[in-house]
>>> print(open('coords.csv').read())   # CSV, C-alpha atoms
chain,number,residue,atom,x,y,z
A,42,MET,CA,36.9,46.5,-136.2
A,43,THR,CA,36.5,45.2,-132.7
A,44,ASP,CA,33.8,42.7,-131.8
A,45,LYS,CA,31.5,44.1,-129.1
A,46,ASN,CA,30.6,40.7,-127.9
A,47,SER,CA,34.2,39.6,-127.5
A,48,ALA,CA,35.1,42.6,-125.2
A,49,LYS,CA,34.7,41.8,-121.5
A,50,PRO,CA,33.9,44.5,-119.1
A,51,GLU,CA,36.7,45.6,-116.8
A,52,THR,CA,35.0,44.4,-113.7
A,53,GLU,CA,34.7,40.9,-115.0
A,54,VAL,CA,38.3,40.8,-115.9
A,55,LYS,CA,39.3,41.9,-112.4
A,56,ALA,CA,37.1,39.2,-111.0
A,57,ASP,CA,38.8,36.6,-113.1
A,58,ILE,CA,42.2,37.8,-111.9
A,59,ASP,CA,41.2,38.1,-108.2
A,60,ALA,CA,39.6,34.7,-108.0
A,61,PRO,CA,42.0,32.1,-109.3
A,62,GLU,CA,41.0,28.6,-110.0
A,63,GLY,CA,40.4,26.5,-106.9
A,64,ALA,CA,39.6,29.5,-104.7
A,65,GLU,CA,36.0,28.4,-104.2
A,66,GLY,CA,37.2,25.0,-103.0
A,67,VAL,CA,39.5,26.6,-100.4
A,68,VAL,CA,36.6,28.7,-99.2
A,69,ASP,CA,34.4,25.7,-99.0
A,70,GLU,CA,37.1,23.7,-97.0
A,71,GLN,CA,37.6,26.6,-94.6
A,72,GLY,CA,33.8,26.8,-94.1
A,73,LYS,CA,33.7,23.1,-93.4
A,74,GLU,CA,36.6,23.4,-91.0
A,75,ALA,CA,34.9,26.2,-89.2
A,76,ASN,CA,31.7,24.2,-89.0
A,77,GLY,CA,33.7,21.2,-87.7
A,78,ALA,CA,35.4,23.3,-85.0
A,79,THR,CA,32.0,24.7,-84.0
A,80,GLY,CA,30.6,21.1,-83.8
A,81,THR,CA,33.7,20.0,-81.7
A,82,GLY,CA,33.2,22.9,-79.4
A,83,ASN,CA,29.6,22.1,-78.9
A,84,ALA,CA,30.4,18.5,-78.3
A,85,GLU,CA,33.0,19.4,-75.7
A,86,ALA,CA,30.6,21.8,-74.0
A,87,SER,CA,27.9,19.0,-73.9
A,88,THR,CA,30.5,16.6,-72.5
A,89,ALA,CA,31.6,19.1,-69.8
A,90,GLU,CA,27.9,19.8,-68.9
A,91,LEU,CA,27.2,16.1,-68.7
A,92,GLY,CA,30.2,15.6,-66.5
A,93,ALA,CA,29.2,18.4,-64.2
A,94,ARG,CA,25.7,17.1,-63.9
A,95,GLN,CA,27.0,13.6,-63.1
A,96,LEU,CA,29.4,15.1,-60.5
A,97,LEU,CA,26.5,17.0,-58.8
A,98,GLU,CA,24.4,13.9,-58.8
A,99,THR,CA,27.3,11.9,-57.3
A,100,ILE,CA,27.8,14.6,-54.6
A,101,ALA,CA,24.1,14.6,-53.8
A,102,ARG,CA,24.0,10.8,-53.6
A,103,LEU,CA,27.1,10.8,-51.3
A,104,GLU,CA,25.6,13.5,-49.1
A,105,ALA,CA,22.4,11.5,-48.8
A,106,GLU,CA,24.3,8.3,-47.9
A,107,LEU,CA,26.4,10.3,-45.4
A,108,ALA,CA,23.2,11.7,-43.8
A,109,GLU,CA,21.7,8.2,-43.6
A,110,ALA,CA,25.0,6.8,-42.1
A,111,ASN,CA,25.0,9.6,-39.5
A,112,GLN,CA,21.4,8.8,-38.6
A,113,GLN,CA,22.2,5.1,-38.2
A,114,SER,CA,25.3,5.9,-36.2
A,115,ALA,CA,23.2,8.2,-33.9
A,116,GLU,CA,20.6,5.5,-33.5
A,117,VAL,CA,23.3,2.9,-32.6
A,118,ILE,CA,24.9,5.3,-30.1
A,119,GLU,CA,21.5,6.1,-28.5
A,120,LYS,CA,20.7,2.4,-28.3
A,121,SER,CA,24.1,1.6,-26.8
A,122,GLN,CA,23.6,4.4,-24.2
A,123,ARG,CA,20.1,3.1,-23.4
A,124,LEU,CA,21.4,-0.4,-22.9
A,125,ALA,CA,24.3,0.8,-20.8
A,126,ALA,CA,21.9,2.8,-18.6
A,127,GLU,CA,19.6,-0.2,-18.3
A,128,PHE,CA,22.5,-2.4,-17.4
A,129,GLN,CA,23.6,0.0,-14.7
A,130,ASN,CA,20.1,0.2,-13.3
A,131,SER,CA,19.8,-3.5,-13.4
A,132,ARG,CA,23.1,-3.9,-11.6
A,133,ARG,CA,22.1,-1.4,-8.9
A,134,ARG,CA,18.7,-3.1,-8.5
A,135,GLN,CA,20.4,-6.5,-8.1
A,136,GLU,CA,22.9,-5.0,-5.6
A,137,ARG,CA,20.1,-3.4,-3.6
A,138,GLN,CA,18.1,-6.6,-3.7
A,139,LEU,CA,21.1,-8.6,-2.5
A,140,ALA,CA,21.8,-6.1,0.3
A,141,GLU,CA,18.1,-6.3,1.3
A,142,GLN,CA,18.3,-10.1,1.3
A,143,ILE,CA,21.4,-10.1,3.4
A,144,GLU,CA,19.9,-7.7,5.8
A,145,ARG,CA,16.7,-9.8,6.1
A,146,SER,CA,18.8,-12.9,6.7
A,147,SER,CA,20.8,-11.0,9.4
A,148,ILE,CA,17.6,-9.8,11.0
A,149,HIS,CA,16.2,-13.3,11.0
A,150,LEU,CA,19.3,-14.8,12.6
A,151,ILE,CA,19.5,-12.0,15.2
A,152,LYS,CA,15.9,-12.5,16.1
A,153,ARG,CA,16.6,-16.2,16.7
A,154,LEU,CA,19.5,-15.2,19.0
A,155,LEU,CA,17.5,-12.8,21.2
A,156,PRO,CA,15.7,-15.6,23.1
A,157,ALA,CA,19.1,-17.0,24.1
A,158,LEU,CA,20.0,-13.6,25.5
A,159,ASP,CA,16.6,-13.5,27.3
A,160,ASP,CA,17.4,-16.9,28.9
A,161,PHE,CA,20.8,-15.5,30.1
A,162,ASP,CA,19.1,-12.4,31.5
A,163,LEU,CA,16.5,-14.5,33.4
A,164,ALA,CA,19.2,-16.9,34.6
A,165,PHE,CA,21.4,-14.2,36.1
A,166,ALA,CA,18.4,-12.4,37.5
A,167,ASN,CA,17.3,-15.5,39.4
A,168,ILE,CA,20.6,-17.0,40.7
A,169,PRO,CA,19.8,-18.9,43.9
A,170,ALA,CA,21.0,-17.3,47.0
A,171,ALA,CA,23.0,-20.3,47.9
A,172,THR,CA,25.0,-20.2,44.6
A,173,ASP,CA,28.3,-18.5,44.6
A,174,ALA,CA,27.9,-15.6,42.1
A,175,GLU,CA,31.6,-15.5,41.6
A,176,ALA,CA,32.0,-19.1,40.8
A,177,ALA,CA,34.0,-19.9,37.7
A,178,TRP,CA,31.1,-21.6,35.9
A,179,VAL,CA,28.9,-18.5,36.5
A,180,ASP,CA,31.6,-16.3,35.2
A,181,GLY,CA,31.9,-18.6,32.1
A,182,PHE,CA,28.2,-18.1,31.4
A,183,ARG,CA,28.6,-14.3,31.8
A,184,GLN,CA,31.4,-14.4,29.2
A,185,ILE,CA,29.1,-16.3,26.8
A,186,GLN,CA,26.4,-13.7,27.3
A,187,ARG,CA,28.8,-10.8,26.7
A,188,LYS,CA,30.0,-12.5,23.4
A,189,LEU,CA,26.4,-12.8,22.2
A,190,ARG,CA,25.7,-9.2,23.0
A,191,GLN,CA,29.0,-8.1,21.3
A,192,LEU,CA,28.0,-10.2,18.2
A,193,ILE,CA,24.7,-8.5,17.7
A,194,GLU,CA,26.1,-5.1,18.6
A,195,GLU,CA,28.6,-5.5,15.8
A,196,GLU,CA,25.7,-6.0,13.4
A,197,GLY,CA,24.2,-2.7,14.6
A,198,VAL,CA,21.7,-4.0,17.2
A,199,THR,CA,21.2,-1.8,20.2
A,200,PRO,CA,19.0,-2.3,23.3
A,201,ILE,CA,15.9,-0.1,23.6
A,202,LEU,CA,16.1,2.2,26.6
A,203,THR,CA,13.3,1.7,29.1
A,204,GLY,CA,13.9,4.5,31.5
A,205,GLY,CA,11.4,7.4,31.4
A,206,ALA,CA,8.1,7.8,29.7
A,207,PHE,CA,6.3,5.0,27.9
A,208,ASP,CA,6.7,5.2,24.1
A,209,PRO,CA,4.3,2.9,22.1
A,210,THR,CA,6.7,2.8,19.2
A,211,LEU,CA,9.4,1.3,21.3
A,212,HIS,CA,7.7,-0.3,24.3
A,213,GLU,CA,4.8,-2.7,24.7
A,214,ALA,CA,2.9,-2.4,28.0
A,215,ILE,CA,1.7,-5.7,29.3
A,216,ALA,CA,0.7,-4.5,32.8
A,217,SER,CA,0.1,-1.3,34.7
A,218,ALA,CA,0.2,-0.5,38.4
A,219,PRO,CA,-0.1,2.4,40.7
A,220,SER,CA,3.2,3.8,41.9
A,221,ASP,CA,4.2,6.4,44.5
A,222,SER,CA,7.7,6.8,43.1
A,223,VAL,CA,7.1,6.7,39.4
A,224,GLU,CA,5.1,9.3,37.5
A,225,SER,CA,2.0,8.1,35.7
A,226,GLY,CA,2.7,7.0,32.2
A,227,HIS,CA,6.3,6.2,32.9
A,228,ILE,CA,7.9,2.7,33.0
A,229,ILE,CA,8.1,1.0,36.3
A,230,GLU,CA,9.8,-2.2,35.3
A,231,THR,CA,11.3,-3.9,32.2
A,232,LEU,CA,10.0,-7.5,31.9
A,233,ARG,CA,11.8,-8.3,28.6
A,234,ALA,CA,14.5,-6.3,26.8
A,235,GLY,CA,13.7,-4.8,23.5
A,236,TYR,CA,16.2,-4.3,20.6
A,237,GLN,CA,16.4,-2.1,17.5
A,238,LEU,CA,18.6,-2.4,14.4
A,239,LYS,CA,19.7,0.9,12.7
A,240,GLY,CA,16.7,2.7,14.0
A,241,HIS,CA,14.2,-0.1,13.2
A,242,VAL,CA,12.6,-1.9,16.0
A,243,LEU,CA,13.4,-5.6,16.0
A,244,ARG,CA,11.1,-6.2,18.9
A,245,PRO,CA,9.6,-3.8,21.5
A,246,ALA,CA,10.5,-3.9,25.1
A,247,LEU,CA,7.9,-5.5,27.4
A,248,VAL,CA,7.3,-3.2,30.3
A,249,ARG,CA,5.1,-2.4,33.2
A,250,VAL,CA,3.7,1.2,33.3
A,251,ALA,CA,2.7,3.3,36.2
A,252,MET,CA,-1.0,4.3,36.3
>>> encode(input="coords.csv", output="structure tokens")
Amino acid sequence: MTDKNSAKPETEVKADIDAPEGAEGVVDEQGKEANGATGTGNAEASTAELGARQLLETIARLEAELAEANQQSAEVIEKSQRLAAEFQNSRRRQERQLAEQIERSSIHLIKRLLPALDDFDLAFANIPAATDAEAAWVDGFRQIQRKLRQLIEEEGVTPILTGGAFDPTLHEAIASAPSDSVESGHIIETLRAGYQLKGHVLRPALVRVAM
């Protein structure tokens, strides 16, 4: 007679056959390996994310440094250009001041020479009748007078014209007189020559004007 308790159900027998000893350990090991692979993947993803973030931070920092360097470079260039412009302006100002100083010195020297020309003019206008106007010494003084005139003319000095109407910007009337041959307000006689330099009056001509 068969013992009911000793008989195993068919399903239990199949379970014993399908799951040999050690199978649960293999399953556990595979689970652990799967979990380990998942953890490694998560770690690698975290490392990649960290590296990307650090790269972005580095790029942002470099861009900020580049912008700052560009700004500093622009400031240096602007300062250099400003200094160059100031230097050019300073040099032009110095050149202009030097030219003005030279011109003032020339004018001062020329003005000191004009009385010598006046003396020559007076001397030749009042040569005594008994003096030979063609004498060698007279001709020598005329040559000196011509050299002085040539010298000041080379500096741009020209005599003021005294023919015609009186011009208060060029002439100085020191006397007036009636005249039958000269129109009123016109110059009768030049008493002292006047000179101008490049359009600027060095000294006016002294004249007598018809009334």
>>> residues_around(input="coords.csv", residues="Val179 (chain A)", least_positions_apart="4", cutoff="12 Å", atoms="all atoms listed in the file", output="list in words")
Phe161, Ala164, Phe165, Ile168, Pro169, Thr172, Asp173, Ala174, Glu175, Arg183, Gln184, Ile185 and Gln186 of chain A
>>> closest_residue(input="coords.csv", among="A:Leu243, A:Ala93, A:Ala171, A:Gly181", to="Val198 (chain A)", atoms="all atoms listed in the file")
A:Leu243
>>> residues_around(input="coords.csv", residues="Ile201 (chain A)", least_positions_apart="6", cutoff="7 Å", atoms="only C-alpha atoms", output="number ranges by chain")
A: 235-237, 246
>>> atom_distance(input="coords.csv", atom1="CA of Ser220 (chain A)", atom2="CA of Thr199 (chain A)")
28.7 Å
>>> atom_distance(input="coords.csv", atom1="CA of Ile143 (chain A)", atom2="CA of Ala126 (chain A)")
25.5 Å
>>> closest_residue(input="coords.csv", among="A:Ile100, A:Leu238, A:Val248, A:Leu91", to="Arg145 (chain A)", atoms="only C-alpha atoms")
A:Leu238
>>> atom_distance(input="coords.csv", atom1="CA of Thr203 (chain A)", atom2="CA of Ile229 (chain A)")
8.9 Å
>>> residues_around(input="coords.csv", residues="Ala157 (chain A)", least_positions_apart="5", cutoff="10 Å", atoms="all atoms listed in the file", output="VMD selection string")
chain A and resid 152 162 to 163 186 189
>>> decode(input="coords.csv", residues="region 71-206 of chain A", atoms="C-alpha atoms", output="mmCIF file, in the first residue's frame")
data_model
loop_
_atom_site.group_PDB
_atom_site.id
_atom_site.type_symbol
_atom_site.label_atom_id
_atom_site.label_comp_id
_atom_site.auth_asym_id
_atom_site.auth_seq_id
_atom_site.Cartn_x
_atom_site.Cartn_y
_atom_site.Cartn_z
ATOM 1 C CA GLN A 71 23.730 37.513 -12.317
ATOM 2 C CA GLY A 72 21.582 39.973 -10.383
ATOM 3 C CA LYS A 73 24.622 41.344 -8.650
ATOM 4 C CA GLU A 74 26.478 41.643 -11.924
ATOM 5 C CA ALA A 75 23.510 43.447 -13.471
ATOM 6 C CA ASN A 76 23.330 45.794 -10.522
ATOM 7 C CA GLY A 77 27.101 46.375 -10.768
ATOM 8 C CA ALA A 78 26.844 47.179 -14.462
ATOM 9 C CA THR A 79 24.044 49.610 -13.747
ATOM 10 C CA GLY A 80 26.128 51.270 -11.015
ATOM 11 C CA THR A 81 29.139 51.511 -13.330
ATOM 12 C CA GLY A 82 26.965 53.055 -16.020
ATOM 13 C CA ASN A 83 25.583 55.584 -13.568
ATOM 14 C CA ALA A 84 29.111 56.417 -12.382
ATOM 15 C CA GLU A 85 30.332 56.862 -15.948
ATOM 16 C CA ALA A 86 27.332 59.064 -16.722
ATOM 17 C CA SER A 87 28.019 61.166 -13.631
ATOM 18 C CA THR A 88 31.702 61.493 -14.589
ATOM 19 C CA ALA A 89 30.789 62.535 -18.142
ATOM 20 C CA GLU A 90 28.279 65.056 -16.836
ATOM 21 C CA LEU A 91 30.855 66.465 -14.416
ATOM 22 C CA GLY A 92 33.441 66.691 -17.197
ATOM 23 C CA ALA A 93 30.985 68.486 -19.482
ATOM 24 C CA ARG A 94 30.086 70.933 -16.743
ATOM 25 C CA GLN A 95 33.752 71.623 -16.001
ATOM 26 C CA LEU A 96 34.383 72.104 -19.727
ATOM 27 C CA LEU A 97 31.541 74.623 -19.973
ATOM 28 C CA GLU A 98 32.849 76.454 -16.918
ATOM 29 C CA THR A 99 36.346 76.547 -18.455
ATOM 30 C CA ILE A 100 34.948 77.872 -21.740
ATOM 31 C CA ALA A 101 32.944 80.534 -19.911
ATOM 32 C CA ARG A 102 36.012 81.550 -17.893
ATOM 33 C CA LEU A 103 38.185 81.747 -21.012
ATOM 34 C CA GLU A 104 35.540 83.789 -22.813
ATOM 35 C CA ALA A 105 35.392 86.206 -19.871
ATOM 36 C CA GLU A 106 39.200 86.484 -19.810
ATOM 37 C CA LEU A 107 39.232 87.053 -23.580
ATOM 38 C CA ALA A 108 36.615 89.787 -23.287
ATOM 39 C CA GLU A 109 38.602 91.444 -20.524
ATOM 40 C CA ALA A 110 41.823 91.179 -22.564
ATOM 41 C CA ASN A 111 40.055 92.685 -25.593
ATOM 42 C CA GLN A 112 38.787 95.552 -23.474
ATOM 43 C CA GLN A 113 42.245 96.192 -22.048
ATOM 44 C CA SER A 114 43.720 96.049 -25.555
ATOM 45 C CA ALA A 115 41.132 98.533 -26.818
ATOM 46 C CA GLU A 116 41.926 100.859 -23.910
ATOM 47 C CA VAL A 117 45.648 100.628 -24.627
ATOM 48 C CA ILE A 118 45.076 101.319 -28.331
ATOM 49 C CA GLU A 119 42.825 104.281 -27.543
ATOM 50 C CA LYS A 120 45.380 105.663 -25.096
ATOM 51 C CA SER A 121 48.179 105.213 -27.637
ATOM 52 C CA GLN A 122 46.159 106.967 -30.317
ATOM 53 C CA ARG A 123 45.339 109.797 -27.919
ATOM 54 C CA LEU A 124 48.998 110.176 -26.960
ATOM 55 C CA ALA A 125 50.022 110.129 -30.633
ATOM 56 C CA ALA A 126 47.455 112.822 -31.429
ATOM 57 C CA GLU A 127 48.596 114.920 -28.470
ATOM 58 C CA PHE A 128 52.208 114.522 -29.602
ATOM 59 C CA GLN A 129 51.329 115.609 -33.134
ATOM 60 C CA ASN A 130 49.387 118.609 -31.823
ATOM 61 C CA SER A 131 52.240 119.504 -29.498
ATOM 62 C CA ARG A 132 54.770 119.267 -32.325
ATOM 63 C CA ARG A 133 52.618 121.406 -34.618
ATOM 64 C CA ARG A 134 52.151 123.936 -31.822
ATOM 65 C CA GLN A 135 55.902 124.067 -31.195
ATOM 66 C CA GLU A 136 56.613 124.442 -34.908
ATOM 67 C CA ARG A 137 54.050 127.229 -35.141
ATOM 68 C CA GLN A 138 55.486 128.961 -32.089
ATOM 69 C CA LEU A 139 59.003 128.629 -33.508
ATOM 70 C CA ALA A 140 57.888 130.045 -36.852
ATOM 71 C CA GLU A 141 56.167 132.937 -35.085
ATOM 72 C CA GLN A 142 59.253 133.586 -32.993
ATOM 73 C CA ILE A 143 61.466 133.584 -36.099
ATOM 74 C CA GLU A 144 59.052 135.932 -37.853
ATOM 75 C CA ARG A 145 58.991 138.281 -34.864
ATOM 76 C CA SER A 146 62.789 138.281 -34.790
ATOM 77 C CA SER A 147 62.917 138.986 -38.528
ATOM 78 C CA ILE A 148 60.424 141.815 -38.176
ATOM 79 C CA HIS A 149 62.393 143.276 -35.296
ATOM 80 C CA LEU A 150 65.623 143.167 -37.321
ATOM 81 C CA ILE A 151 63.988 144.611 -40.422
ATOM 82 C CA LYS A 152 62.472 147.463 -38.439
ATOM 83 C CA ARG A 153 65.933 148.283 -37.148
ATOM 84 C CA LEU A 154 67.249 148.396 -40.720
ATOM 85 C CA LEU A 155 64.552 150.760 -41.997
ATOM 86 C CA PRO A 156 66.079 153.904 -40.418
ATOM 87 C CA ALA A 157 69.300 153.148 -42.300
ATOM 88 C CA LEU A 158 67.328 153.115 -45.547
ATOM 89 C CA ASP A 159 65.691 156.382 -44.510
ATOM 90 C CA ASP A 160 69.127 157.934 -44.040
ATOM 91 C CA PHE A 161 70.192 156.781 -47.489
ATOM 92 C CA ASP A 162 67.005 158.229 -48.996
ATOM 93 C CA LEU A 163 67.542 161.562 -47.261
ATOM 94 C CA ALA A 164 71.208 161.647 -48.203
ATOM 95 C CA PHE A 165 70.569 161.047 -51.894
ATOM 96 C CA ALA A 166 67.642 163.469 -51.898
ATOM 97 C CA ASN A 167 69.865 166.236 -50.491
ATOM 98 C CA ILE A 168 73.138 165.802 -52.363
ATOM 99 C CA PRO A 169 74.776 169.217 -52.590
ATOM 100 C CA ALA A 170 74.728 170.767 -56.028
ATOM 101 C CA ALA A 171 78.503 171.026 -56.029
ATOM 102 C CA THR A 172 78.876 167.271 -55.478
ATOM 103 C CA ASP A 173 79.428 165.069 -58.480
ATOM 104 C CA ALA A 174 76.427 162.702 -58.440
ATOM 105 C CA GLU A 175 78.372 160.261 -60.593
ATOM 106 C CA ALA A 176 81.371 160.123 -58.312
ATOM 107 C CA ALA A 177 82.634 156.679 -57.351
ATOM 108 C CA TRP A 178 81.967 157.130 -53.650
ATOM 109 C CA VAL A 179 78.387 158.222 -54.368
ATOM 110 C CA ASP A 180 77.885 155.166 -56.550
ATOM 111 C CA GLY A 181 79.321 153.011 -53.742
ATOM 112 C CA PHE A 182 76.698 154.295 -51.306
ATOM 113 C CA ARG A 183 73.985 153.664 -53.871
ATOM 114 C CA GLN A 184 75.141 150.057 -54.122
ATOM 115 C CA ILE A 185 74.924 149.710 -50.324
ATOM 116 C CA GLN A 186 71.409 151.110 -50.448
ATOM 117 C CA ARG A 187 70.417 148.635 -53.172
ATOM 118 C CA LYS A 188 71.854 145.721 -51.161
ATOM 119 C CA LEU A 189 69.834 146.720 -48.109
ATOM 120 C CA ARG A 190 66.662 146.999 -50.170
ATOM 121 C CA GLN A 191 67.361 143.639 -51.809
ATOM 122 C CA LEU A 192 67.927 142.076 -48.377
ATOM 123 C CA ILE A 193 64.585 143.178 -46.962
ATOM 124 C CA GLU A 194 62.767 142.376 -50.207
ATOM 125 C CA GLU A 195 64.056 138.798 -50.005
ATOM 126 C CA GLU A 196 62.386 138.630 -46.585
ATOM 127 C CA GLY A 197 59.081 139.645 -48.160
ATOM 128 C CA VAL A 198 59.194 143.367 -47.379
ATOM 129 C CA THR A 199 57.697 145.692 -49.990
ATOM 130 C CA PRO A 200 57.355 149.501 -49.976
ATOM 131 C CA ILE A 201 53.903 151.015 -49.530
ATOM 132 C CA LEU A 202 52.660 152.843 -52.583
ATOM 133 C CA THR A 203 51.907 156.516 -51.974
ATOM 134 C CA GLY A 204 50.399 157.535 -55.279
ATOM 135 C CA GLY A 205 46.713 158.237 -55.310
ATOM 136 C CA ALA A 206 44.172 158.531 -52.539
#
